[in-house]
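Here's target30.txt, which has compact mmCIF, C-alpha atoms:
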```txt
# COMPACT_ATOMS: atom_id res chain seq x y z
CA MET E 1 25.72 -44.05 31.36
CA ARG E 2 24.21 -43.06 28.02
CA ILE E 3 22.41 -45.59 25.84
CA SER E 4 22.26 -45.20 22.08
CA VAL E 5 20.27 -47.18 19.54
CA LEU E 6 21.62 -47.59 16.01
CA ILE E 7 19.19 -48.63 13.26
CA PRO E 8 20.32 -49.10 9.64
CA ALA E 9 17.34 -48.86 7.27
CA HIS E 10 16.66 -49.22 3.58
CA ASN E 11 13.18 -48.18 2.46
CA GLU E 12 11.71 -49.34 5.75
CA ALA E 13 9.10 -46.61 6.33
CA GLY E 14 6.39 -49.26 6.63
CA VAL E 15 7.99 -51.13 9.50
CA LEU E 16 10.25 -48.49 11.05
CA ARG E 17 7.36 -46.91 12.94
CA GLU E 18 6.67 -50.19 14.80
CA CYS E 19 10.39 -50.58 15.48
CA LEU E 20 10.73 -47.05 16.89
CA ASP E 21 7.51 -47.38 18.93
CA ALA E 22 9.10 -50.39 20.65
CA VAL E 23 12.33 -48.48 21.28
CA ILE E 24 10.48 -45.50 22.77
CA ALA E 25 8.41 -47.81 25.01
CA GLN E 26 11.44 -49.41 26.71
CA THR E 27 11.34 -49.81 30.48
CA LEU E 28 14.87 -48.37 30.52
CA PRO E 29 14.68 -45.26 28.34
CA VAL E 30 17.31 -44.79 25.66
CA ASP E 31 19.11 -41.47 25.31
CA GLU E 32 19.59 -41.37 21.58
CA ILE E 33 18.37 -43.04 18.40
CA VAL E 34 20.49 -42.90 15.27
CA VAL E 35 18.81 -44.05 12.05
CA VAL E 36 21.00 -44.53 8.98
CA ALA E 37 18.81 -44.19 5.92
CA ASP E 38 20.65 -46.12 3.23
CA SER E 39 19.58 -45.34 -0.36
CA CYS E 40 16.02 -44.62 0.76
CA THR E 41 13.41 -43.48 -1.72
CA ASP E 42 10.42 -43.74 0.62
CA ASP E 43 9.44 -41.93 3.86
CA THR E 44 12.06 -43.62 6.07
CA VAL E 45 13.77 -40.29 6.82
CA ALA E 46 10.48 -38.51 7.66
CA VAL E 47 9.38 -41.36 9.95
CA ALA E 48 12.73 -41.39 11.77
CA GLU E 49 12.73 -37.60 12.17
CA SER E 50 9.19 -37.66 13.56
CA TYR E 51 10.56 -39.76 16.46
CA GLY E 52 13.37 -37.29 17.15
CA ALA E 53 16.05 -39.63 15.83
CA VAL E 54 19.38 -38.43 14.51
CA VAL E 55 19.07 -39.27 10.81
CA VAL E 56 22.08 -39.93 8.63
CA GLU E 57 21.43 -40.33 4.91
CA THR E 58 23.85 -42.37 2.87
CA GLU E 59 24.16 -44.60 -0.19
CA GLN E 60 26.04 -47.69 0.96
CA GLY E 61 23.92 -50.64 -0.12
CA GLY E 62 24.78 -52.75 2.89
CA LYS E 63 24.04 -53.14 6.58
CA ALA E 64 27.56 -53.04 8.06
CA ALA E 65 28.58 -50.12 5.86
CA SER E 66 25.47 -48.24 6.97
CA GLN E 67 26.20 -48.98 10.62
CA ASP E 68 29.74 -47.70 10.10
CA VAL E 69 28.40 -44.47 8.64
CA GLY E 70 26.20 -44.02 11.71
CA LEU E 71 28.88 -44.92 14.29
CA PRO E 72 30.55 -41.46 14.44
CA TYR E 73 27.14 -39.95 15.30
CA VAL E 74 26.73 -42.27 18.32
CA THR E 75 27.42 -40.47 21.61
CA GLY E 76 26.28 -43.18 24.04
CA ASP E 77 28.49 -45.51 26.07
CA LEU E 78 26.30 -48.52 25.33
CA LEU E 79 25.13 -49.24 21.83
CA VAL E 80 22.02 -51.24 21.00
CA CYS E 81 21.87 -52.31 17.34
CA ILE E 82 18.47 -53.17 15.93
CA ASP E 83 17.25 -53.96 12.42
CA ALA E 84 14.55 -51.62 11.14
CA ASP E 85 12.15 -54.54 10.59
CA THR E 86 12.50 -55.76 14.17
CA ILE E 87 10.31 -55.15 17.20
CA ILE E 88 11.94 -55.60 20.60
CA ASP E 89 10.07 -56.50 23.78
CA VAL E 90 9.65 -53.61 26.23
CA ASP E 91 12.44 -54.78 28.55
CA VAL E 92 15.10 -55.76 26.02
CA VAL E 93 17.31 -52.69 26.57
CA GLU E 94 17.09 -53.15 30.33
CA LYS E 95 18.14 -56.80 30.01
CA PHE E 96 20.95 -55.94 27.62
CA VAL E 97 22.32 -53.31 30.02
CA ARG E 98 22.15 -55.74 32.93
CA GLU E 99 24.06 -58.34 30.88
CA LEU E 100 26.76 -55.85 29.85
CA GLU E 101 27.10 -54.57 33.42
CA ALA E 102 27.54 -58.18 34.58
CA GLY E 103 30.68 -58.48 32.46
CA ALA E 104 29.66 -59.30 28.89
CA ASP E 105 31.31 -57.28 26.13
CA ALA E 106 28.48 -57.99 23.70
CA THR E 107 25.14 -59.71 24.03
CA CYS E 108 22.14 -60.50 21.88
CA ALA E 109 18.45 -61.27 22.07
CA ASN E 110 16.58 -64.41 21.18
CA MET E 111 14.53 -63.86 18.06
CA LEU E 112 11.12 -65.05 16.95
CA PRO E 113 9.07 -64.40 13.82
CA MET E 114 6.41 -61.68 14.05
CA PRO E 115 3.36 -63.13 15.88
CA GLN E 116 1.04 -62.35 12.96
CA GLN E 117 3.19 -64.28 10.44
CA ARG E 118 1.84 -67.65 9.31
CA GLY E 119 2.77 -70.45 6.89
CA PHE E 120 5.07 -73.48 6.59
CA TRP E 121 8.39 -71.61 6.47
CA VAL E 122 7.48 -69.27 9.31
CA ALA E 123 6.24 -72.19 11.47
CA ASN E 124 9.58 -73.91 10.83
CA ARG E 125 11.53 -70.79 11.81
CA ARG E 126 9.41 -70.16 14.89
CA PHE E 127 10.12 -73.71 16.04
CA ALA E 128 13.83 -73.46 15.21
CA TYR E 129 14.30 -70.18 17.09
CA ALA E 130 12.34 -71.46 20.08
CA LEU E 131 14.36 -74.67 20.11
CA GLY E 132 17.66 -72.85 19.77
CA ARG E 133 16.82 -70.63 22.72
CA TYR E 134 17.07 -73.51 25.19
CA TRP E 135 19.24 -75.85 23.19
CA TRP E 136 22.04 -75.11 20.74
CA ARG E 137 22.36 -71.38 21.40
CA TRP E 138 22.37 -72.19 25.09
CA CYS E 139 25.06 -74.84 24.41
CA GLN E 140 27.18 -72.39 22.43
CA ALA E 141 26.87 -69.71 25.10
CA GLU E 142 27.65 -72.24 27.81
CA VAL E 143 30.91 -73.32 26.18
CA GLY E 144 31.77 -69.66 25.56
CA ARG E 145 31.45 -69.36 21.78
CA LEU E 146 28.11 -68.10 20.57
CA MET E 147 28.16 -68.72 16.83
CA VAL E 148 26.61 -65.36 15.98
CA LEU E 149 25.17 -62.34 17.75
CA SER E 150 21.59 -62.14 16.42
CA GLY E 151 21.90 -59.29 13.95
CA CYS E 152 18.35 -58.10 14.52
CA ALA E 153 18.98 -57.12 18.15
CA TYR E 154 22.28 -57.02 20.01
CA ALA E 155 24.18 -54.66 22.26
CA LEU E 156 27.78 -53.85 23.05
CA ARG E 157 29.87 -51.02 24.41
CA THR E 158 30.41 -48.33 21.79
CA GLU E 159 34.12 -48.41 22.62
CA THR E 160 34.21 -52.15 21.91
CA VAL E 161 33.08 -51.83 18.31
CA ARG E 162 35.29 -48.76 17.79
CA SER E 163 38.29 -50.73 19.09
CA ILE E 164 37.94 -53.31 16.31
CA GLY E 165 37.73 -50.62 13.65
CA GLY E 166 33.95 -50.43 13.36
CA PHE E 167 31.48 -52.90 11.89
CA PRO E 168 33.21 -55.41 9.59
CA GLY E 169 31.40 -55.69 6.27
CA LYS E 170 33.57 -57.69 3.88
CA LEU E 171 31.65 -60.97 4.15
CA ILE E 172 28.14 -61.77 2.99
CA THR E 173 26.88 -62.07 6.58
CA CYS E 174 28.23 -59.14 8.57
CA ASP E 175 26.81 -60.12 11.97
CA MET E 176 28.82 -63.33 12.15
CA ASP E 177 31.92 -61.49 10.97
CA LEU E 178 31.40 -58.95 13.78
CA THR E 179 30.96 -61.73 16.34
CA TRP E 180 34.21 -63.50 15.40
CA SER E 181 36.10 -60.21 15.05
CA LEU E 182 35.12 -59.54 18.66
CA TYR E 183 36.49 -62.97 19.70
CA LYS E 184 39.70 -62.21 17.85
CA ALA E 185 40.09 -59.03 19.88
CA GLY E 186 39.54 -61.01 23.09
CA TYR E 187 35.98 -59.90 23.80
CA LYS E 188 33.33 -62.06 25.44
CA THR E 189 29.81 -62.52 24.10
CA THR E 190 26.73 -63.81 25.90
CA PHE E 191 23.27 -64.90 24.86
CA CYS E 192 20.63 -62.85 26.68
CA ARG E 193 17.89 -65.41 26.12
CA GLN E 194 15.30 -63.62 28.24
CA ALA E 195 15.41 -60.68 25.82
CA VAL E 196 13.09 -61.33 22.87
CA ALA E 197 13.06 -59.60 19.49
CA TYR E 198 10.49 -60.20 16.74
CA THR E 199 11.56 -60.12 13.10
CA TYR E 200 9.93 -60.56 9.69
CA ASP E 201 10.95 -64.01 8.47
CA PRO E 202 10.69 -65.34 4.90
CA GLU E 203 7.21 -66.60 4.05
CA THR E 204 7.87 -68.24 0.70
CA PHE E 205 10.16 -71.04 -0.46
CA ALA E 206 12.02 -68.75 -2.87
CA VAL E 207 12.78 -66.05 -0.29
CA TYR E 208 13.61 -68.63 2.37
CA THR E 209 16.04 -70.42 0.08
CA LYS E 210 17.67 -67.15 -0.90
CA GLN E 211 18.18 -66.26 2.76
CA MET E 212 19.52 -69.70 3.63
CA ARG E 213 21.97 -69.59 0.73
CA ARG E 214 23.29 -66.27 2.01
CA TRP E 215 23.52 -67.48 5.60
CA ALA E 216 25.27 -70.68 4.54
CA SER E 217 27.71 -68.76 2.35
CA GLY E 218 28.39 -66.36 5.20
CA PHE E 219 29.06 -69.28 7.53
CA PHE E 220 31.73 -70.82 5.28
CA GLN E 221 33.26 -67.46 4.39
CA ASN E 222 33.41 -66.56 8.05
CA PHE E 223 35.30 -69.67 9.05
CA GLN E 224 37.66 -69.34 6.14
CA VAL E 225 38.56 -65.86 7.36
CA HIS E 226 38.44 -66.64 11.09
CA ARG E 227 39.92 -70.17 10.96
CA GLY E 228 42.74 -69.03 13.26
CA GLN E 229 40.18 -68.44 16.00
CA VAL E 230 38.74 -71.91 15.54
CA ILE E 231 42.16 -73.57 15.76
CA LYS E 232 43.27 -71.56 18.80
CA SER E 233 40.16 -71.93 20.94
CA PRO E 234 38.96 -75.39 22.07
CA ALA E 235 35.46 -73.94 22.61
CA ALA E 236 35.36 -72.56 19.06
CA ALA E 237 36.72 -75.83 17.68
CA LEU E 238 33.95 -77.71 19.49
CA VAL E 239 31.14 -75.40 18.32
CA VAL E 240 32.29 -75.16 14.69
CA GLY E 241 33.74 -78.66 14.47
CA SER E 242 30.61 -80.38 15.78
CA LEU E 243 28.50 -78.52 13.22
CA LEU E 244 30.85 -79.33 10.35
CA PHE E 245 31.00 -82.97 11.40
CA ASP E 246 27.19 -83.28 11.34
CA LEU E 247 27.02 -81.47 8.04
CA LEU E 248 29.65 -83.54 6.28
CA MET E 249 28.30 -86.80 7.65
CA LEU E 250 24.96 -86.03 6.00
CA PRO E 251 25.71 -87.70 2.63
CA VAL E 252 27.00 -90.75 4.50
CA VAL E 253 23.78 -90.93 6.52
CA TYR E 254 21.65 -90.50 3.36
CA ALA E 255 23.59 -93.23 1.56
CA PHE E 256 23.42 -95.54 4.57
CA VAL E 257 19.63 -95.14 4.93
CA VAL E 258 19.02 -95.69 1.20
CA LEU E 259 21.28 -98.78 1.06
CA TRP E 260 19.74 -100.18 4.20
CA ALA E 261 16.22 -99.60 2.85
CA LEU E 262 17.12 -101.36 -0.42
CA HIS E 263 18.67 -104.27 1.46
CA ASP E 264 15.89 -104.74 4.00
CA PRO E 265 12.95 -102.26 4.06
CA ARG E 266 11.65 -103.71 7.35
CA SER E 267 14.85 -102.68 9.12
CA LEU E 268 13.82 -99.05 8.75
CA ARG E 269 11.26 -99.55 11.52
CA TRP E 270 13.79 -97.96 13.91
CA LEU E 271 13.24 -94.65 12.12
CA VAL E 272 9.71 -94.33 13.57
CA PRO E 273 10.65 -94.45 17.28
CA SER E 274 13.73 -92.31 16.70
CA ILE E 275 11.65 -89.60 15.01
CA LEU E 276 9.08 -89.83 17.80
CA ILE E 277 11.76 -89.38 20.48
CA HIS E 278 13.24 -86.46 18.54
CA ALA E 279 9.77 -84.92 18.18
CA THR E 280 8.92 -85.31 21.86
CA ILE E 281 12.14 -83.80 23.19
CA THR E 282 12.36 -80.90 20.74
CA THR E 283 8.63 -80.05 20.93
CA PHE E 284 8.88 -79.94 24.71
CA ILE E 285 11.91 -77.63 24.56
CA ALA E 286 10.26 -75.35 21.97
CA SER E 287 7.04 -75.19 24.00
CA ARG E 288 8.93 -73.33 26.73
CA THR E 289 9.01 -70.34 24.37
CA ILE E 290 6.07 -70.74 22.00
CA THR E 291 2.60 -72.21 22.57
CA TRP E 292 2.07 -75.98 22.46
CA LYS E 293 -0.04 -75.52 19.32
CA GLN E 294 2.75 -73.59 17.59
CA ALA E 295 5.27 -76.21 18.72
CA LEU E 296 3.15 -79.14 17.51
CA ILE E 297 2.53 -77.47 14.15
CA GLY E 298 6.14 -76.33 13.96
CA PHE E 299 7.86 -79.68 14.46
CA PRO E 300 6.94 -81.32 11.12
CA CYS E 301 7.71 -78.06 9.29
CA TYR E 302 11.06 -77.83 11.07
CA TRP E 303 11.86 -81.49 10.47
CA ILE E 304 11.21 -81.22 6.73
CA ALA E 305 12.86 -77.80 6.32
CA ASN E 306 15.92 -79.01 8.19
CA TRP E 307 16.74 -81.48 5.40
CA TRP E 308 16.51 -78.64 2.89
CA ASN E 309 18.72 -76.47 5.11
CA LYS E 310 21.34 -79.19 5.32
CA ALA E 311 21.28 -79.76 1.58
CA ILE E 312 21.84 -76.01 1.05
CA TYR E 313 24.66 -75.98 3.59
CA PHE E 314 26.30 -79.05 2.05
CA TRP E 315 26.20 -77.63 -1.47
CA THR E 316 27.45 -74.29 -0.17
CA PHE E 317 30.35 -76.08 1.53
CA ILE E 318 31.34 -77.54 -1.83
CA ARG E 319 30.93 -74.21 -3.65
CA GLU E 320 32.68 -72.00 -1.10
CA TRP E 321 35.46 -74.27 0.16
CA ILE E 322 36.07 -76.84 -2.60
CA LEU E 323 35.28 -74.90 -5.78
CA GLY E 324 36.35 -71.57 -4.22
CA ARG E 325 33.35 -69.78 -5.71
CA HIS E 326 32.22 -67.13 -3.24
CA TYR E 327 28.88 -65.46 -2.80
CA VAL E 328 29.83 -61.79 -3.02
CA SER E 329 26.47 -60.13 -3.50
CA TRP E 330 22.91 -61.27 -2.99
CA THR E 331 19.51 -60.14 -4.16
CA GLY E 332 18.23 -58.52 -1.02
CA ARG E 333 15.83 -55.64 -0.77
CA GLN E 334 18.49 -53.38 -2.28
CA GLY E 335 17.72 -55.10 -5.56
CA ARG E 336 21.31 -55.97 -6.42
CA ALA E 337 22.01 -58.97 -8.57
CA THR E 338 23.26 -62.13 -6.90
CA GLU E 339 26.91 -62.50 -7.74
CA ILE E 340 29.12 -65.55 -7.27
CA SER E 341 32.83 -65.17 -7.91
CA PRO E 342 34.34 -67.43 -10.61
CA MET E 343 36.75 -70.26 -9.87
CA THR E 344 40.41 -69.28 -10.13
CA ARG E 345 42.57 -70.82 -12.85
CA THR E 346 44.92 -72.46 -10.35
CA ARG E 347 42.00 -74.08 -8.53
CA LYS E 348 40.57 -75.34 -11.85
CA ILE E 349 43.92 -76.99 -12.68
CA VAL E 350 44.32 -78.51 -9.20
CA LEU E 351 40.76 -79.86 -9.09
CA THR E 352 41.00 -81.27 -12.62
CA ALA E 353 44.30 -82.99 -11.72
CA ILE E 354 42.76 -84.49 -8.55
CA ALA E 355 39.71 -85.72 -10.52
CA ALA E 356 41.97 -87.26 -13.18
CA LEU E 357 44.11 -89.00 -10.55
CA MET E 358 41.02 -90.39 -8.82
CA ALA E 359 39.59 -91.63 -12.12
CA ALA E 360 42.91 -93.27 -13.00
CA ALA E 361 43.10 -94.95 -9.58
CA ALA E 362 39.53 -96.21 -9.92
CA LEU E 363 40.22 -97.60 -13.40
CA ALA E 364 43.44 -99.23 -12.24
CA GLY E 365 41.57 -100.87 -9.38
CA HIS E 366 38.79 -102.03 -11.70
CA PHE E 367 41.14 -103.67 -14.22
CA ALA E 368 43.55 -105.09 -11.66
CA PRO E 369 43.71 -108.90 -11.76
CA MET J 1 20.16 -72.75 10.81
CA TYR J 2 21.73 -69.40 11.53
CA GLY J 3 23.04 -69.76 14.90
CA HIS J 4 23.23 -72.81 14.04
CA SER J 5 20.94 -75.77 14.47
CA HIS J 6 22.24 -79.20 13.75
CA THR J 7 21.37 -82.74 14.56
CA GLY J 8 23.70 -85.68 14.77
CA LEU J 9 26.65 -86.95 16.75
CA GLY J 10 28.28 -83.50 16.76
CA ALA J 11 25.19 -81.91 18.29
CA LEU J 12 25.11 -84.65 20.92
CA VAL J 13 28.75 -84.05 21.87
CA LEU J 14 28.20 -80.29 22.05
CA THR J 15 25.11 -80.80 24.23
CA LEU J 16 26.97 -83.14 26.60
CA VAL J 17 29.95 -80.79 26.97
CA ALA J 18 27.71 -77.74 27.47
CA SER J 19 25.55 -79.60 30.00
CA ALA J 20 28.61 -80.79 31.92
CA LYS J 21 30.06 -77.28 31.93
CA GLY J 22 26.72 -75.77 32.90
CA GLY J 23 26.19 -78.38 35.60
CA ILE J 24 29.65 -77.87 37.09
CA GLY J 25 29.17 -74.09 36.95
CA TYR J 26 25.84 -74.41 38.71
CA LEU J 27 27.31 -76.65 41.43
CA VAL J 28 30.20 -74.23 41.97
CA LYS J 29 27.70 -71.35 42.27
CA VAL J 30 25.54 -73.28 44.75
CA LEU J 31 28.59 -74.31 46.83
CA ALA J 32 29.96 -70.76 46.83
CA HIS J 33 26.55 -69.47 47.89
CA ALA J 34 26.31 -72.06 50.68
CA GLN J 35 29.82 -71.18 51.87
CA GLY J 36 28.95 -67.48 51.84
CA HIS J 37 26.02 -68.24 54.17
CA ALA J 38 28.21 -70.42 56.43
CA HIS J 39 30.59 -67.51 57.02
```
Would you give me this structure, written as structure tokens?
Amino acid sequence: MRISVLIPAHNEAGVLRECLDAVIAQTLPVDEIVVVADSCTDDTVAVAESYGAVVVETEQGGKAASQDVGLPYVTGDLLVCIDADTIIDVDVVEKFVRELEAGADATCANMLPMPQQRGFWVANRRFAYALGRYWWRWCQAEVGRLMVLSGCAYALRTETVRSIGGFPGKLITCDMDLTWSLYKAGYKTTFCRQAVAYTYDPETFAVYTKQMRRWASGFFQNFQVHRGQVIKSPAAALVVGSLLFDLLMLPVVYAFVVLWALHDPRSLRWLVPSILIHATITTFIASRTITWKQALIGFPCYWIANWWNKAIYFWTFIREWILGRHYVSWTGRQGRATEISPMTRTRKIVLTAIAALMAAAALAGHFAP
Amino acid sequence: MYGHSHTGLGALVLTLVASAKGGIGYLVKVLAHAQGHAH
């Protein structure tokens, strides 16, 4: 059985060396490395060639499109897909192969920020990834619908991705689109939580927010496109439905807390023990992956950032699903401008009519005797 | 939140269902293993 590694890269010379070092050092050696150099103006090609990789140069401007360009060059039976700014643990390929041989059609690693990264946003992410490893990603995998194969490190049979027509790239988050396209074709995914991959996570508020906006947009676009899958599968309905329920209940919870606080500030005392219980349980779970110090520092960062995440997701829900304005391009490292599609004329008319009807009903109710 | 983290009643329901499924799966595995030894 031949194992291939596919790495799409855009001006990644600085980090590609670390990524390839990790691939070369695997306990189960890989047979082939294919690097797709997308619109590179730095030494990415030279670095990849110095490791004996098959290098494909292209000008796509996107991850899935780059992967698709590289796919015909892949000769292996098993395909490991890694981001160029990711470092995999030495036994990741071995664990992936074991998972695929055990019956999975696609599997992915658990990710963590690079160990040397510091700061509020990184501490939040480190905690979130560590928590997800033994909580919600475990839950999703257990019910049979992993929300997304971690794009930074996953594996599948080469035939599997070829059978669905290659890597789908129409949505703003291609990894989630790939995951749900696999479900549509009847494939099974697993979460290989013992396999760990390290990625470079956003370190500043601006970059973090930009990434979250893209992820949130991708989430809503994905379930607009793959809604059939959610309706057909009880497991998918549970995973997606439970998330949407929590998300849409957020304004109700906010309003409830504010009203309650205005009515009787002392009644908010219950918040303290509830936060303490939340902190204890989640910090314990996270500490199974990261150190206690990282978990203790991470919890407050995670707790605060989570409110920001939810606000972004809630606004994105309104923009993507209610206003019909879709995130079609984002300002990533390719330097493209962020582009959000305009609202259609029909939607403008329908929304205006609904707003007018609601206003009329409210006025009628107000002036009713 | 990619993956996706969430807190609330939905997360609780998902956790309970996953735990029940995982627990039943584990019991089935243990019983099958025990039966394999018995034969």
List every residue of chain E that has an atom at most 7 Å from any atom of chain J, giving for each one its closest atom pair and the distance in Å to one decimal, counting all atoms listed in the file, sorted by chain and then by ascending residue number, as a tab-separated table.
```
residue	atom	partner	partner_atom	distance
E:Gly132	CA	J:Ser5	CA	6.9
E:Trp136	CA	J:Ser5	CA	6.4
E:Arg137	CA	J:Gly3	CA	6.7
E:Cys139	CA	J:Ala18	CA	5.0
E:Glu142	CA	J:Ala18	CA	5.5
E:Val143	CA	J:Ala18	CA	5.6
E:Met147	CA	J:Gly3	CA	5.6
E:Val148	CA	J:Gly3	CA	5.8
E:Trp215	CA	J:Tyr2	CA	6.5
E:Leu238	CA	J:Leu14	CA	6.8
E:Val239	CA	J:Leu14	CA	6.8
E:Ser242	CA	J:Gly10	CA	4.0
E:Leu243	CA	J:Gly10	CA	6.1
E:Phe245	CA	J:Gly10	CA	6.0
E:Asp246	CA	J:Gly8	CA	5.5
E:Asn309	CA	J:Met1	CA	7.0
```
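Computed from the coordinates, the atom CA of E:Val30 to atom CA of E:Leu79 distance equals 9.8 Å.
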Compile the contact shell of stretch 180-183 of chain E as a ChimeraX atom specification: residues with an atom at most 10 Å away, counting all atoms listed in the file, same-chain residues fewer than 2 positions apart removed. /E:105-106,145-149,160-161,163-165,167-168,175-178,185-189,222-223,225-227,229-230,233,236
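Picture a line from atom CA of E:Gln221 to atom CA of E:Met249; it runs 20.2 Å.
Taking atom CA of E:Ser287 as the reference point, atom CA of E:Ala123 is found at 12.9 Å.
All residues of protein, DNA or RNA that reach within 9 Å of E:Arg347, judged by all atoms listed in the file and not counting those fewer than 5 positions away in the chain, are Ile322, Leu323, Gly324 and Thr352 of chain E.
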Deliver the residues from the most recent selection as a file, using C-alpha atoms, as a compact mmCIF listing (two decimals), in the coordinates of the input.
```txt
# COMPACT_ATOMS: atom_id res chain seq x y z
CA ILE E 322 36.07 -76.84 -2.60
CA LEU E 323 35.28 -74.90 -5.78
CA GLY E 324 36.35 -71.57 -4.22
CA THR E 352 41.00 -81.27 -12.62
```
Please provide the set of residues having any atom within 10 Å of E:Trp308, restricted to only C-alpha atoms, with same-chain residues fewer than 6 positions apart removed, written as a ChimeraX atom specification. /E:209,212,302,314
Just to be explicit: take each residue in the selection above, keep C-alpha atoms, and write the result as a CSV table (one decimal), in the coordinates of the input.
```csv
chain,number,residue,atom,x,y,z
E,209,THR,CA,16.0,-70.4,0.1
E,212,MET,CA,19.5,-69.7,3.6
E,302,TYR,CA,11.1,-77.8,11.1
E,314,PHE,CA,26.3,-79.0,2.0
```
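Residue nearest E:Asp85 within the list E:Glu159, E:Asp201, E:Asp68, E:Asp42: E:Asp201 [criterion: smallest interatomic distance, only C-alpha atoms].
The shell of residues at most 7 Å from stretch 14-28 of chain E, with only C-alpha atoms counted and near chain neighbours (fewer than 3 positions) removed, consists of Val47, Ala84, Asp85, Thr86, Ile87, Ile88, Asp89, Val90, Asp91, Val93 and Glu94 of chain E.
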